[in-house]
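Here's the structure we're looking at; comments come further down.
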Amino acid sequence: MTEQDLRPPKQQRMRQQTSSDGTTKWLLIVLAIAAAGYAAWYAREYWAAKSTGAAPALEAPISKPADAPAPVVQEPTAVAPLAAPQDAVPQHPLPAATADAVPADDAQALDRMVKDWLGSQALKFLVMPGLAHHMVATIDNLPRGHAAPRLWPLYPVGGQMQLTQSEQGMHIASTNSARYDAVVGFVTSIEPAQAAAWYRQAYPLLQQTYEGLGYPGQYFNDRLVAVIDHLLQTPEPQEPIAVQLVQVQGQVPSQQPWLRYEYADPKLQSLSSGQKILLRLGTAHRHRVQSYLQALRAQITA
């Protein structure tokens with residue numbers, strides 16, 4: 001469906017009339033300066049080019065699992081599509097195909113498989129439907145400056161960031177890491193070997209989803225390994241970590257000011273979205289997640 005199909009009938013008629021008038025005008029000009037054969041060629045090429053335009057993709061909003069939302073429509077990443085080289089080869093071994101692999105065009109099959117595999121607890125943490133798109137888009141964005149929470153495959157933890165105030169300013173409280181106990185426990189409770197087996201089953205769908213984000217001919221497994229390596233390089237700052245509230249000019253006070261905290265250290269604030277997430281987990285949880293990522297990396301590159 002094109003953009004003009006989405007216009008009200010009155011606007012469609014005006015657009016059609018404008019298009020028709022413009023075409024007549026150009027044909028008269030062409031007929032006045034060229035032969036009839038050239039005019040026909042010009043009109044054919046002009047309308048062929050016009051027909052290649054596409055309407056921007058729309059994305060359904062994320063809803064809670066109990067709401068039975070519509071499937072999420074793919075949204076492009078923040079970077080421009082990259083053309084893959086003709087001789088592109090994987091830098092890391094691809095997972096071996098399995099007989100029961102999820103079809104590359106069946107995103108709902110992946111949601112069903114995860115529910116069957118993890119049981120009802122999956123609904124507490126994982127965003128479904130559309131899990132494949134959420135996973136691929138978020139993994140691809142973790143090394144960037146921003147990974148949109150509405151695309152996360154895991155629901156954000158509740159509550160406010162726990163802070164302490166001292167003469168030196170505000171710091172993330174040691175008790176803040178408790179907010180992440182449940183989600184870190186959920187992720188790390190899955191054996192890396194089992195996670196890798198599931199990954200091999202899901203890989204055809206994940207690979208197609210990744211290419212659909214603008215990476216034709218490139219390998220999602222390469223991207224996943226690169227992102228894991230990036231997260232393993234997260235710095236180890238001295239705790240407690242200082243934060244500051246970003247001041248926003250305006251007459252309406254913020255209803256959620258805790259969402260505007262940033263790291264006081266410019267070096268920490270300049271880190272990628274994925275590394276800043278790991279810092280917020282606290283040292284113990286961060287090391288636990290990094291150890292898990294190392295084990296998973298060994299499984300998917302073996």
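Labels used: A, B, ... for chains in the order of the structure tokens, numbers from 1 for residues in each chain, and numbers from 1 for ligands as shown.
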
I want to know what sits within 6 Å of stretch 260-275 of chain A, based on only C-alpha atoms, with residues of the same chain fewer than 6 positions away left out; could you give that as a VMD selection string? chain A and resid 142 to 146 231 234 242 to 246

Keeping only C-alpha atoms, write those residues as a short mmCIF file (atom, residue, chain, number, x, y, z; two decimals), in the first residue's frame.
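Below is the file that was written, selection07.cif:
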data_model
loop_
_atom_site.label_atom_id
_atom_site.label_comp_id
_atom_site.auth_asym_id
_atom_site.auth_seq_id
_atom_site.Cartn_x
_atom_site.Cartn_y
_atom_site.Cartn_z
CA LEU A 142 23.53 -2.09 21.86
CA PRO A 143 26.93 -0.81 20.63
CA ARG A 144 25.31 2.47 19.56
CA GLY A 145 24.49 5.51 21.64
CA HIS A 146 20.81 4.60 21.96
CA LEU A 231 29.96 -5.63 26.02
CA THR A 234 32.75 -2.44 29.44
CA ALA A 242 28.07 9.52 40.31
CA VAL A 243 25.02 10.67 38.34
CA GLN A 244 23.40 14.00 37.64
CA LEU A 245 19.95 15.12 36.63
CA VAL A 246 19.65 16.53 33.14
#

Can you list, as a VMD selection string, every protein, DNA or RNA residue that comes within 6 Å of A:Thr164 when you count only C-alpha atoms, leaving out same-chain residues fewer than 2 positions away? chain A and resid 170 to 171 173

Restrict the selected residues to C-alpha atoms and save them as a PDB file, in the first residue's frame.
ATOM      1  CA  MET A 170      24.296  11.993  43.833  1.00  0.00           C
ATOM      2  CA  HIS A 171      25.406   8.392  43.322  1.00  0.00           C
ATOM      3  CA  ALA A 173      22.939   3.371  45.605  1.00  0.00           C
TER       4      ALA A 173
END

Using DSSP secondary structure from the backbone, list all strand (DSSP E) positions within stretch 95-275 of chain A, as a PyMOL selection string. chain A and resi 163-166+169-172+242-245+261-263

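Residue nearest A:Arg200, chosen from A:Ala298, A:Leu154, A:Val102, A:Val127 and counting only C-alpha atoms: A:Val102.
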
Those in stretch 89-279 of chain A with alpha helix (DSSP H) from DSSP, as a VMD selection string: chain A and resid 107 to 118 122 to 125 131 to 141 181 to 188 192 to 212 220 to 232 266 to 269 273 to 279

Would you export the selected residues with C-alpha atoms as an mmCIF file, in the first residue's frame, please?
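Result saved to again21.cif:
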data_model
loop_
_atom_site.group_PDB
_atom_site.id
_atom_site.type_symbol
_atom_site.label_atom_id
_atom_site.label_comp_id
_atom_site.auth_asym_id
_atom_site.auth_seq_id
_atom_site.Cartn_x
_atom_site.Cartn_y
_atom_site.Cartn_z
ATOM 1 C CA ALA A 107 8.019 -15.189 13.427
ATOM 2 C CA GLN A 108 5.021 -16.590 15.320
ATOM 3 C CA ALA A 109 6.628 -20.038 15.347
ATOM 4 C CA LEU A 110 9.541 -18.602 17.326
ATOM 5 C CA ASP A 111 7.187 -17.085 19.905
ATOM 6 C CA ARG A 112 5.452 -20.441 20.325
ATOM 7 C CA MET A 113 8.739 -22.304 20.630
ATOM 8 C CA VAL A 114 10.035 -19.958 23.342
ATOM 9 C CA LYS A 115 6.805 -20.321 25.330
ATOM 10 C CA ASP A 116 6.995 -24.111 25.090
ATOM 11 C CA TRP A 117 10.674 -24.098 25.987
ATOM 12 C CA LEU A 118 10.687 -21.655 28.910
ATOM 13 C CA ALA A 122 8.872 -16.359 29.637
ATOM 14 C CA LEU A 123 5.768 -14.150 29.602
ATOM 15 C CA LYS A 124 7.023 -12.289 32.678
ATOM 16 C CA PHE A 125 10.225 -11.133 30.993
ATOM 17 C CA LEU A 131 10.362 -11.528 19.781
ATOM 18 C CA ALA A 132 12.678 -12.079 16.796
ATOM 19 C CA HIS A 133 12.461 -8.455 15.700
ATOM 20 C CA HIS A 134 12.981 -7.167 19.246
ATOM 21 C CA MET A 135 16.016 -9.396 19.737
ATOM 22 C CA VAL A 136 17.729 -8.561 16.466
ATOM 23 C CA ALA A 137 17.037 -4.816 16.575
ATOM 24 C CA THR A 138 18.205 -4.467 20.179
ATOM 25 C CA ILE A 139 21.362 -6.555 19.736
ATOM 26 C CA ASP A 140 22.241 -4.499 16.668
ATOM 27 C CA ASN A 141 21.734 -1.234 18.601
ATOM 28 C CA ASP A 181 17.803 -9.574 40.542
ATOM 29 C CA ALA A 182 14.852 -11.224 38.802
ATOM 30 C CA VAL A 183 15.782 -10.466 35.194
ATOM 31 C CA VAL A 184 19.486 -11.309 35.658
ATOM 32 C CA GLY A 185 18.486 -14.513 37.405
ATOM 33 C CA PHE A 186 16.119 -15.384 34.551
ATOM 34 C CA VAL A 187 18.723 -14.846 31.824
ATOM 35 C CA THR A 188 21.613 -16.590 33.541
ATOM 36 C CA PRO A 192 24.531 -21.497 27.602
ATOM 37 C CA ALA A 193 24.507 -24.822 25.747
ATOM 38 C CA GLN A 194 20.713 -24.863 25.790
ATOM 39 C CA ALA A 195 20.588 -21.219 24.706
ATOM 40 C CA ALA A 196 22.928 -22.031 21.805
ATOM 41 C CA ALA A 197 20.746 -24.987 20.767
ATOM 42 C CA TRP A 198 17.695 -22.696 20.705
ATOM 43 C CA TYR A 199 19.728 -20.108 18.782
ATOM 44 C CA ARG A 200 20.538 -22.657 16.072
ATOM 45 C CA GLN A 201 16.850 -23.483 15.722
ATOM 46 C CA ALA A 202 15.917 -19.812 15.498
ATOM 47 C CA TYR A 203 18.814 -18.738 13.293
ATOM 48 C CA PRO A 204 17.070 -18.818 9.866
ATOM 49 C CA LEU A 205 14.438 -16.376 11.167
ATOM 50 C CA LEU A 206 16.988 -14.216 13.005
ATOM 51 C CA GLN A 207 19.181 -14.027 9.915
ATOM 52 C CA GLN A 208 16.310 -12.959 7.669
ATOM 53 C CA THR A 209 15.178 -10.400 10.256
ATOM 54 C CA TYR A 210 18.697 -8.972 10.399
ATOM 55 C CA GLU A 211 18.930 -8.656 6.630
ATOM 56 C CA GLY A 212 15.525 -6.967 6.649
ATOM 57 C CA PHE A 220 23.717 -11.926 12.154
ATOM 58 C CA ASN A 221 26.032 -14.360 13.908
ATOM 59 C CA ASP A 222 28.969 -12.070 13.108
ATOM 60 C CA ARG A 223 27.072 -9.119 14.544
ATOM 61 C CA LEU A 224 26.107 -11.005 17.700
ATOM 62 C CA VAL A 225 29.707 -12.050 18.381
ATOM 63 C CA ALA A 226 30.927 -8.482 17.774
ATOM 64 C CA VAL A 227 28.309 -7.103 20.177
ATOM 65 C CA ILE A 228 29.260 -9.631 22.866
ATOM 66 C CA ASP A 229 32.924 -8.641 22.487
ATOM 67 C CA HIS A 230 31.905 -4.992 22.813
ATOM 68 C CA LEU A 231 29.960 -5.630 26.023
ATOM 69 C CA LEU A 232 32.851 -7.603 27.501
ATOM 70 C CA PRO A 266 31.671 12.328 30.613
ATOM 71 C CA LYS A 267 33.655 9.193 29.726
ATOM 72 C CA LEU A 268 30.991 6.949 31.200
ATOM 73 C CA GLN A 269 28.175 8.981 29.655
ATOM 74 C CA SER A 273 23.805 2.078 25.392
ATOM 75 C CA GLY A 274 24.718 -1.555 26.080
ATOM 76 C CA GLN A 275 27.715 -0.714 28.243
ATOM 77 C CA LYS A 276 25.735 1.874 30.225
ATOM 78 C CA ILE A 277 23.050 -0.742 30.873
ATOM 79 C CA LEU A 278 25.702 -3.076 32.285
ATOM 80 C CA LEU A 279 26.976 -0.308 34.554
#

Mind giving me the straight-line distance from atom CA of A:Val89 to atom CA of A:Gly217 in Å, one decimal?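 Result for atom CA of A:Val89 versus atom CA of A:Gly217: 8.9 Å, one decimal.
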
Using atom CA of A:Pro153 and atom CA of A:Thr301 as the two end points, give the distance in Å to one decimal. 22.8 Å

Option closest in space to A:Gly159, from A:Gln121, A:Gln238, A:Ser291, A:Asn176 [counting only C-alpha atoms]: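 Ranked by minimum distance to A:Gly159, first place goes to A:Asn176.
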